[in-house]
$ cat input.cif   # mmCIF, C-alpha atoms
data_entry
loop_
_atom_site.label_atom_id
_atom_site.label_comp_id
_atom_site.auth_asym_id
_atom_site.auth_seq_id
_atom_site.Cartn_x
_atom_site.Cartn_y
_atom_site.Cartn_z
CA MET E 12 199.60 124.45 96.98
CA ASP E 13 201.62 125.89 99.98
CA GLN E 14 199.99 127.03 103.21
CA VAL E 15 200.23 130.78 102.42
CA SER E 16 198.49 130.36 99.07
CA TRP E 17 195.82 128.26 100.69
CA LEU E 18 195.24 130.91 103.40
CA ARG E 19 194.93 133.63 100.76
CA ARG E 20 192.27 131.62 98.97
CA ARG E 21 190.36 131.26 102.24
CA LYS E 22 190.22 135.05 102.88
CA PRO E 23 186.74 136.61 103.11
CA GLY E 24 185.34 137.55 99.73
CA ILE E 25 187.17 134.79 97.87
CA LYS E 26 184.71 132.18 96.68
CA ASP E 27 185.39 128.49 97.07
CA ALA E 28 185.60 126.95 93.60
CA ARG E 29 184.44 123.54 94.80
CA LYS E 30 181.05 122.45 93.45
CA ARG E 31 178.25 121.64 95.83
CA GLU E 32 175.96 118.69 95.27
CA VAL E 33 172.36 119.69 94.51
CA PRO E 34 169.77 116.97 95.22
CA ASP E 35 167.75 115.75 92.24
CA GLY E 36 164.20 117.06 92.01
CA LEU E 37 164.90 120.19 94.06
CA TRP E 38 163.99 122.48 91.16
CA ARG E 39 161.59 122.19 88.22
CA LYS E 40 161.57 124.14 84.99
CA CYS E 41 158.25 125.33 83.59
CA GLU E 42 157.71 123.89 80.12
CA VAL E 43 155.94 127.04 78.93
CA CYS E 44 157.67 130.12 80.36
CA GLY E 45 160.97 128.53 81.44
CA GLU E 46 160.61 129.68 85.05
CA ILE E 47 162.81 127.72 87.51
CA ILE E 48 160.61 126.76 90.46
CA TYR E 49 161.65 125.47 93.86
CA HIS E 50 160.01 122.10 94.52
CA LYS E 51 158.37 123.17 97.79
CA GLU E 52 156.93 126.27 96.15
CA LEU E 53 155.62 124.15 93.27
CA GLU E 54 153.96 121.78 95.74
CA ARG E 55 152.35 124.68 97.60
CA SER E 56 150.91 125.96 94.32
CA LEU E 57 149.48 122.47 93.59
CA TRP E 58 152.02 121.84 90.84
CA THR E 59 151.10 124.88 88.78
CA CYS E 60 153.58 127.51 87.62
CA PRO E 61 153.27 130.61 89.84
CA LYS E 62 154.38 132.81 86.92
CA CYS E 63 152.32 131.64 83.91
CA GLY E 64 149.82 129.18 85.45
CA TYR E 65 151.05 126.13 83.51
CA HIS E 66 149.65 122.91 85.00
CA PHE E 67 152.28 120.25 85.55
CA ARG E 68 151.14 116.66 85.13
CA ILE E 69 150.56 114.94 88.46
CA GLY E 70 149.43 111.50 89.59
CA SER E 71 146.22 110.07 91.02
CA THR E 72 147.35 110.21 94.66
CA GLN E 73 148.12 113.92 94.33
CA TYR E 74 144.69 114.57 92.81
CA ARG E 75 143.18 112.51 95.63
CA ASP E 76 144.77 114.85 98.18
CA ILE E 77 143.60 117.92 96.22
CA LEU E 78 139.96 116.85 95.80
CA ALA E 79 139.02 114.75 98.83
CA ASP E 80 138.56 115.90 102.41
CA PRO E 81 141.65 114.96 104.44
CA GLY E 82 141.55 111.34 105.57
CA SER E 83 138.19 110.65 103.93
CA PHE E 84 139.33 108.58 100.93
CA VAL E 85 138.81 104.83 101.22
CA GLU E 86 140.26 102.80 98.36
CA LEU E 87 137.95 100.23 96.79
CA LEU E 88 138.45 97.47 94.19
CA SER E 89 142.23 97.47 94.60
CA GLY E 90 142.32 93.72 94.00
CA ILE E 91 141.30 94.14 90.34
CA GLU E 92 144.48 94.09 88.27
CA SER E 93 145.37 93.67 84.60
CA THR E 94 146.45 90.28 83.31
CA ASP E 95 147.94 89.29 79.95
CA PRO E 96 145.08 87.47 78.16
CA LEU E 97 146.72 87.75 74.72
CA GLY E 98 150.28 86.87 75.75
CA PHE E 99 151.28 90.17 74.13
CA VAL E 100 154.89 90.92 73.26
CA ASP E 101 156.27 93.87 71.30
CA SER E 102 159.69 95.27 72.21
CA ARG E 103 158.98 93.93 75.72
CA LYS E 104 156.56 91.54 77.36
CA TYR E 105 153.30 93.11 78.51
CA THR E 106 153.73 91.42 81.89
CA ASP E 107 157.09 93.17 82.32
CA ARG E 108 155.51 96.54 81.49
CA LEU E 109 152.77 95.92 84.05
CA ARG E 110 155.28 94.99 86.73
CA ASP E 111 157.35 98.12 86.09
CA ALA E 112 154.25 100.35 86.12
CA LYS E 113 153.18 98.94 89.49
CA GLU E 114 156.64 99.51 90.96
CA LYS E 115 156.87 103.04 89.53
CA THR E 116 153.46 104.28 90.68
CA GLY E 117 152.68 102.09 93.67
CA LEU E 118 149.26 101.41 92.09
CA SER E 119 147.67 98.12 91.09
CA SER E 120 146.12 99.57 87.92
CA ALA E 121 145.80 102.79 85.92
CA VAL E 122 142.84 104.02 87.99
CA LEU E 123 142.61 104.70 91.71
CA SER E 124 139.03 104.03 92.83
CA GLY E 125 137.30 104.62 96.12
CA SER E 126 134.79 106.53 98.19
CA ALA E 127 135.54 109.99 99.55
CA ARG E 128 133.97 113.11 100.97
CA ILE E 129 134.20 116.49 99.28
CA GLU E 130 133.23 119.28 101.68
CA GLY E 131 131.44 116.58 103.66
CA ARG E 132 129.45 115.14 100.74
CA LEU E 133 129.96 111.44 100.04
CA VAL E 134 130.97 110.55 96.46
CA MET E 135 132.48 107.69 94.54
CA LEU E 136 135.79 108.91 93.16
CA GLU E 137 137.85 107.44 90.31
CA LEU E 138 141.20 108.96 89.40
CA LEU E 139 143.07 107.90 86.27
CA ASP E 140 146.87 107.95 86.47
CA PHE E 141 148.86 108.77 83.33
CA GLY E 142 152.01 107.44 84.99
CA PHE E 143 150.61 103.89 84.79
CA LEU E 144 151.09 102.95 81.11
CA GLY E 145 149.76 106.32 79.99
CA GLY E 146 146.52 105.90 81.93
CA SER E 147 145.43 103.55 79.17
CA LEU E 148 142.02 101.88 79.22
CA GLY E 149 142.42 98.15 79.81
CA SER E 150 140.17 95.43 81.18
CA ALA E 151 141.02 96.21 84.80
CA MET E 152 140.22 99.90 84.46
CA GLY E 153 136.95 99.21 82.65
CA GLU E 154 135.88 96.72 85.31
CA LYS E 155 136.74 99.09 88.16
CA ILE E 156 134.88 102.01 86.59
CA ALA E 157 131.80 99.86 85.88
CA ARG E 158 131.77 98.46 89.43
CA LEU E 159 132.28 101.85 91.03
CA ALA E 160 129.36 103.24 89.01
CA ARG E 161 127.24 100.34 90.27
CA MET E 162 128.31 101.16 93.84
CA ALA E 163 127.28 104.77 93.26
CA ILE E 164 123.84 103.52 92.21
CA GLU E 165 123.55 101.25 95.24
CA GLU E 166 124.64 103.99 97.65
CA ARG E 167 122.68 106.73 95.81
CA VAL E 168 125.69 109.06 95.66
CA PRO E 169 127.36 111.03 92.83
CA LEU E 170 130.24 109.65 90.78
CA VAL E 171 133.30 111.85 90.11
CA THR E 172 135.77 110.85 87.38
CA LEU E 173 139.13 112.49 86.83
CA ALA E 174 140.45 111.59 83.36
CA SER E 175 144.10 111.49 82.29
CA SER E 176 144.78 109.01 79.53
CA GLY E 177 146.38 108.31 76.19
CA GLY E 178 143.45 106.08 75.17
CA ALA E 179 142.84 102.35 74.80
CA ARG E 180 145.53 99.85 75.82
CA MET E 181 146.94 98.27 72.67
CA GLN E 182 148.36 95.27 74.55
CA GLU E 183 144.81 94.03 75.25
CA GLY E 184 143.45 94.52 71.73
CA ILE E 185 139.69 94.08 71.32
CA LEU E 186 139.31 93.43 75.06
CA SER E 187 140.37 97.02 75.66
CA LEU E 188 137.88 98.39 73.13
CA MET E 189 135.09 96.43 74.83
CA GLN E 190 135.60 98.52 77.96
CA MET E 191 134.33 101.59 76.10
CA ALA E 192 130.93 99.93 75.67
CA LYS E 193 130.89 98.45 79.18
CA THR E 194 131.64 101.71 80.98
CA SER E 195 129.20 103.65 78.77
CA ALA E 196 126.40 101.16 79.48
CA MET E 197 126.91 101.39 83.23
CA LEU E 198 126.98 105.19 83.11
CA ALA E 199 123.70 105.08 81.18
CA ARG E 200 122.22 103.17 84.14
CA LEU E 201 123.62 105.80 86.50
CA HIS E 202 121.94 108.49 84.41
CA ASP E 203 118.63 106.60 84.36
CA GLU E 204 118.76 106.46 88.15
CA GLY E 205 118.96 110.26 88.25
CA LEU E 206 122.43 110.29 89.81
CA LEU E 207 125.11 112.86 89.04
CA HIS E 208 128.31 112.10 87.13
CA VAL E 209 130.97 114.83 87.11
CA VAL E 210 134.01 114.49 84.84
CA ILE E 211 137.26 116.44 85.26
CA GLN E 212 139.38 116.28 82.09
CA THR E 213 143.11 116.86 82.61
CA HIS E 214 146.11 116.84 80.29
CA PRO E 215 145.91 114.68 78.27
CA THR E 216 142.47 113.11 77.85
CA THR E 217 142.51 111.32 74.50
CA GLY E 218 141.56 108.24 72.49
CA GLY E 219 139.07 105.66 73.69
CA VAL E 220 138.73 107.28 77.12
CA THR E 221 137.53 110.52 75.51
CA ALA E 222 135.28 108.49 73.21
CA SER E 223 133.56 106.82 76.17
CA PHE E 224 133.22 107.60 79.87
CA ALA E 225 135.27 110.83 79.94
CA SER E 226 132.70 112.53 77.70
CA LEU E 227 129.64 111.15 79.50
CA GLY E 228 129.47 113.50 82.44
CA ASP E 229 126.42 115.54 83.38
CA VAL E 230 128.96 118.27 84.11
CA ILE E 231 132.33 118.30 82.36
CA MET E 232 135.14 120.35 83.84
CA ALA E 233 138.64 120.75 82.42
CA GLU E 234 141.98 122.06 83.60
CA PRO E 235 143.50 124.97 81.64
CA GLY E 236 145.53 124.04 78.56
CA ALA E 237 144.61 120.35 78.65
CA LEU E 238 144.78 118.38 75.39
CA ILE E 239 141.36 116.78 74.94
CA GLY E 240 140.28 114.80 71.90
CA PHE E 241 140.04 111.44 70.18
CA ALA E 242 142.78 111.43 67.53
CA GLY E 243 145.82 113.68 67.88
CA PRO E 244 146.01 117.04 66.06
CA ARG E 245 148.74 115.84 63.72
CA VAL E 246 146.69 112.82 62.61
CA ILE E 247 143.63 115.00 62.01
CA GLN E 248 145.61 117.55 60.04
CA GLN E 249 147.13 114.86 57.84
CA THR E 250 143.69 113.34 57.26
CA ILE E 251 141.75 116.48 56.33
CA LYS E 252 144.73 118.19 54.62
CA GLN E 253 143.94 121.50 56.31
CA GLU E 254 145.58 123.73 58.88
CA LEU E 255 143.93 123.43 62.28
CA PRO E 256 142.79 126.51 64.27
CA GLU E 257 145.12 127.83 66.94
CA GLY E 258 144.56 126.07 70.25
CA PHE E 259 142.67 123.21 68.59
CA GLN E 260 141.70 120.44 71.07
CA ARG E 261 142.80 122.47 74.07
CA SER E 262 140.33 122.90 76.91
CA GLU E 263 139.70 126.58 76.16
CA PHE E 264 138.88 125.76 72.51
CA LEU E 265 136.47 123.03 73.63
CA LEU E 266 134.81 125.38 76.10
CA GLU E 267 134.25 127.91 73.32
CA HIS E 268 132.65 125.18 71.17
CA GLY E 269 130.45 123.70 73.88
CA MET E 270 132.35 120.46 74.51
CA VAL E 271 133.16 121.23 78.14
CA ASP E 272 131.13 123.23 80.65
CA VAL E 273 133.85 125.09 82.51
CA VAL E 274 137.65 125.43 82.61
CA VAL E 275 138.89 125.49 86.20
CA HIS E 276 142.35 126.23 87.62
CA ARG E 277 143.64 123.39 89.74
CA LYS E 278 143.59 125.56 92.85
CA GLU E 279 139.83 126.03 92.38
CA LEU E 280 138.94 122.43 91.47
CA ARG E 281 137.81 121.30 94.90
CA ALA E 282 135.76 124.41 95.63
CA THR E 283 134.11 124.33 92.19
CA LEU E 284 133.38 120.61 92.46
CA SER E 285 131.85 121.18 95.89
CA LYS E 286 129.53 123.86 94.45
CA VAL E 287 128.46 121.51 91.64
CA LEU E 288 127.70 118.72 94.12
CA GLU E 289 125.76 121.11 96.32
CA PHE E 290 123.75 122.46 93.37
CA PHE E 291 122.66 118.98 92.29
CA SER E 292 122.13 117.60 95.79
CA ASP E 293 118.81 116.28 97.04
CA ASP E 294 118.70 119.13 99.57
CA SER E 295 118.92 121.69 96.79
CA ARG E 296 116.21 119.87 94.82
CA ASP E 297 113.95 119.88 97.88
CA GLU E 298 114.53 123.60 98.41
CA ALA E 299 113.81 124.30 94.74
CA GLU E 300 110.61 122.25 94.85
CA ASP E 301 109.48 124.07 98.02
CA THR E 302 110.11 127.40 96.32
CA LEU E 303 108.08 126.31 93.29
CA ASP E 304 105.24 125.08 95.49
CA GLN E 305 105.12 128.41 97.32
CA ALA E 306 105.16 130.26 94.00
CA ARG E 307 102.23 128.15 92.70
CA LYS E 308 100.22 128.81 95.86
CA GLN E 309 100.77 132.52 95.43
CA GLY E 310 99.63 132.28 91.82
CA LEU E 311 103.02 133.19 90.36
#
$ encode --input "input.cif" --output "structure tokens"
Amino acid sequence: MDQVSWLRRRKPGIKDARKREVPDGLWRKCEVCGEIIYHKELERSLWTCPKCGYHFRIGSTQYRDILADPGSFVELLSGIESTDPLGFVDSRKYTDRLRDAKEKTGLSSAVLSGSARIEGRLVMLELLDFGFLGGSLGSAMGEKIARLARMAIEERVPLVTLASSGGARMQEGILSLMQMAKTSAMLARLHDEGLLHVVIQTHPTTGGVTASFASLGDVIMAEPGALIGFAGPRVIQQTIKQELPEGFQRSEFLLEHGMVDVVVHRKELRATLSKVLEFFSDDSRDEAEDTLDQARKQGL
């Protein structure tokens, strides 16, 4: 190209045909409405679509920042990690899958456990992470959940569980299934002690996690549109040979049928959880008992 032609192409109003590099992850497409969302805007909206409200899947550290008071989370039981008791190999070694999951998520297991404050109230907080082998329930997760429940009993504080899981971990076989009984038994002790357990079910909450600790909350909250159930809809439909109702196993369907207590938008999770903790606090009980005592004295 000669200099004159080049100068003509550089005149105002003539667009440069050269492509510009766009960094990966700068934009996200909503899986429901197709809206293209700028990453910073998506982060400001807590990874929910500003157009249709679709909740993107996020990890345990992001939920930690959403739920806990800034700087209040203290990780506990981080030294408990999965091993390979069965020497399991399918298309890959289980040990290789564990190593990759740790590198990908920066976590030691599929649950992030610790103490935190929510609007100043101390709680034990356990956050499952779907990014770590599908948030599957293995021996390490079961042990961490059981120990954290015991810590909640010792400290006399509520336990908050955020569930996000594909179910039991097949690579640990019967040892994985045993965690359902272990976590349920410890939560029964928590209940007997009169301590609160709040569960937040996110997309997806399925399999052995749903069949155990994720359904054993005194209060069960769920994010909008979350898939919640034991077996998947396709398996159920093939088994019963019937068409399933629209929205089957979604959080709104479960709310309508009494399986969850409330469906809460992610932006309202922390405020709603704080209200639940306040309602069931010892202070609220004392106030309620004082009110009842006054009513009795007045002959009401």
$ closest_residue --input "input.cif" --among "E:Ile231, E:Leu288, E:Leu206, E:Leu255" --to "E:Met162" --atoms "only C-alpha atoms"
E:Leu206
$ resolve_selection --input "input.cif" --expression "the PyMOL selection byres ((chain E and resi 136) around 9)" --output "list in words"
Arg75, Ala79, Phe84, Leu123, Ser124, Gly125, Ser126, Ala127, Val134, Met135, Glu137, Leu138, Leu159, Pro169, Leu170, Val171, Thr172 and Leu173 of chain E
$ closest_residue --input "input.cif" --among "E:Leu57, E:Glu46, E:Asp229, E:Glu279" --to "E:Asp76" --atoms "all atoms listed in the file"
E:Leu57
$ resolve_selection --input "input.cif" --expression "the PyMOL selection byres ((chain E and resi 278) around 9)" --output "PyMOL selection string"
chain E and resi 56-57+59+77+275-277+279-282
$ write_last_selection --input "input.cif" --atoms "C-alpha atoms" --output "compact mmCIF listing (two decimals), keeping the file's coordinate frame"
# COMPACT_ATOMS: atom_id res chain seq x y z
CA SER E 56 150.91 125.96 94.32
CA LEU E 57 149.48 122.47 93.59
CA THR E 59 151.10 124.88 88.78
CA ILE E 77 143.60 117.92 96.22
CA VAL E 275 138.89 125.49 86.20
CA HIS E 276 142.35 126.23 87.62
CA ARG E 277 143.64 123.39 89.74
CA GLU E 279 139.83 126.03 92.38
CA LEU E 280 138.94 122.43 91.47
CA ARG E 281 137.81 121.30 94.90
CA ALA E 282 135.76 124.41 95.63
$ residues_around --input "input.cif" --residues "E:Gly243" --least-positions-apart "6" --cutoff "10 Å" --atoms "all atoms listed in the file" --output "PyMOL selection string"
chain E and resi 177+217-218+260
$ resolve_selection --input "input.cif" --expression "the PyMOL selection byres ((chain E and resi 214) around 6)" --output "count of residues only"
5
$ atom_distance --input "input.cif" --atom1 "atom CA of E:Glu92" --atom2 "atom CA of E:Glu154"
9.5 Å
$ residues_near_point --input "input.cif" --point "(126.9, 118.1, 97.5)" --cutoff "7 Å" --atoms "all atoms listed in the file" --output "PyMOL selection string"
chain E and resi 132+285+287-292
$ write_last_selection --input "input.cif" --atoms "C-alpha atoms" --output "PDB file, in the frame of the given file"
ATOM      1  CA  ARG E 132     129.450 115.140 100.740  1.00  0.00           C
ATOM      2  CA  SER E 285     131.850 121.180  95.890  1.00  0.00           C
ATOM      3  CA  VAL E 287     128.460 121.510  91.640  1.00  0.00           C
ATOM      4  CA  LEU E 288     127.700 118.720  94.120  1.00  0.00           C
ATOM      5  CA  GLU E 289     125.760 121.110  96.320  1.00  0.00           C
ATOM      6  CA  PHE E 290     123.750 122.460  93.370  1.00  0.00           C
ATOM      7  CA  PHE E 291     122.660 118.980  92.290  1.00  0.00           C
ATOM      8  CA  SER E 292     122.130 117.600  95.790  1.00  0.00           C
TER       9      SER E 292
END
$ residues_around --input "input.cif" --residues "E:Val230" --least-positions-apart "4" --cutoff "7 Å" --atoms "only C-alpha atoms" --output "number ranges by chain"
E: 208-210, 272
$ build_atoms --input "input.cif" --residues "stretch 97-129 of chain E" --atoms "N, CA and C atoms" --output "short mmCIF file (atom, residue, chain, number, x, y, z; two decimals), in the frame of the given file"
data_model
loop_
_atom_site.label_atom_id
_atom_site.label_comp_id
_atom_site.auth_asym_id
_atom_site.auth_seq_id
_atom_site.Cartn_x
_atom_site.Cartn_y
_atom_site.Cartn_z
N LEU E 97 146.28 88.01 76.09
CA LEU E 97 146.72 87.75 74.72
C LEU E 97 148.18 87.28 74.64
N GLY E 98 148.86 87.22 75.78
CA GLY E 98 150.28 86.87 75.75
C GLY E 98 151.06 87.85 74.88
N PHE E 99 150.79 89.14 75.05
CA PHE E 99 151.28 90.17 74.13
C PHE E 99 152.75 90.48 74.34
N VAL E 100 153.48 90.55 73.23
CA VAL E 100 154.89 90.92 73.26
C VAL E 100 155.16 91.86 72.09
N ASP E 101 155.75 93.03 72.37
CA ASP E 101 156.27 93.87 71.30
C ASP E 101 157.76 94.00 71.53
N SER E 102 158.27 95.17 71.86
CA SER E 102 159.69 95.27 72.21
C SER E 102 159.96 94.67 73.59
N ARG E 103 158.89 94.55 74.40
CA ARG E 103 158.98 93.93 75.72
C ARG E 103 157.71 93.15 75.99
N LYS E 104 157.75 92.27 76.96
CA LYS E 104 156.56 91.54 77.36
C LYS E 104 155.61 92.49 78.09
N TYR E 105 154.33 92.30 77.84
CA TYR E 105 153.30 93.11 78.51
C TYR E 105 153.37 92.90 80.02
N THR E 106 153.64 91.70 80.45
CA THR E 106 153.73 91.42 81.89
C THR E 106 154.86 92.22 82.53
N ASP E 107 155.97 92.38 81.80
CA ASP E 107 157.09 93.17 82.32
C ASP E 107 156.70 94.64 82.42
N ARG E 108 155.95 95.15 81.44
CA ARG E 108 155.51 96.54 81.49
C ARG E 108 154.56 96.76 82.68
N LEU E 109 153.68 95.80 82.92
CA LEU E 109 152.77 95.92 84.05
C LEU E 109 153.53 95.93 85.37
N ARG E 110 154.49 95.05 85.50
CA ARG E 110 155.28 94.99 86.73
C ARG E 110 156.00 96.31 86.98
N ASP E 111 156.62 96.86 85.94
CA ASP E 111 157.35 98.12 86.09
C ASP E 111 156.42 99.27 86.44
N ALA E 112 155.22 99.29 85.84
CA ALA E 112 154.25 100.35 86.12
C ALA E 112 153.80 100.29 87.58
N LYS E 113 153.59 99.09 88.10
CA LYS E 113 153.18 98.94 89.49
C LYS E 113 154.28 99.42 90.44
N GLU E 114 155.52 99.09 90.12
CA GLU E 114 156.64 99.51 90.96
C GLU E 114 156.83 101.02 90.90
N LYS E 115 156.66 101.60 89.72
CA LYS E 115 156.87 103.04 89.53
C LYS E 115 155.82 103.88 90.24
N THR E 116 154.56 103.46 90.15
CA THR E 116 153.46 104.28 90.68
C THR E 116 152.97 103.85 92.05
N GLY E 117 153.23 102.61 92.42
CA GLY E 117 152.68 102.09 93.67
C GLY E 117 151.20 101.75 93.56
N LEU E 118 150.66 101.72 92.33
CA LEU E 118 149.26 101.41 92.09
C LEU E 118 149.11 100.01 91.52
N SER E 119 147.91 99.44 91.65
CA SER E 119 147.67 98.12 91.09
C SER E 119 147.13 98.20 89.66
N SER E 120 146.63 99.38 89.27
CA SER E 120 146.12 99.57 87.92
C SER E 120 146.19 101.05 87.58
N ALA E 121 145.70 101.41 86.38
CA ALA E 121 145.80 102.79 85.92
C ALA E 121 144.70 103.69 86.46
N VAL E 122 143.87 103.19 87.36
CA VAL E 122 142.84 104.02 87.99
C VAL E 122 142.79 103.73 89.48
N LEU E 123 142.75 104.80 90.27
CA LEU E 123 142.61 104.70 91.71
C LEU E 123 141.14 104.95 92.04
N SER E 124 140.47 103.95 92.60
CA SER E 124 139.03 104.03 92.83
C SER E 124 138.72 103.97 94.32
N GLY E 125 137.69 104.69 94.72
CA GLY E 125 137.30 104.62 96.12
C GLY E 125 136.13 105.54 96.44
N SER E 126 135.79 105.58 97.71
CA SER E 126 134.79 106.53 98.19
C SER E 126 135.52 107.65 98.91
N ALA E 127 134.91 108.83 98.91
CA ALA E 127 135.54 109.99 99.55
C ALA E 127 134.46 111.00 99.91
N ARG E 128 134.85 111.98 100.68
CA ARG E 128 133.97 113.11 100.97
C ARG E 128 134.60 114.38 100.42
N ILE E 129 133.76 115.20 99.80
CA ILE E 129 134.20 116.49 99.28
C ILE E 129 133.35 117.55 99.95
#
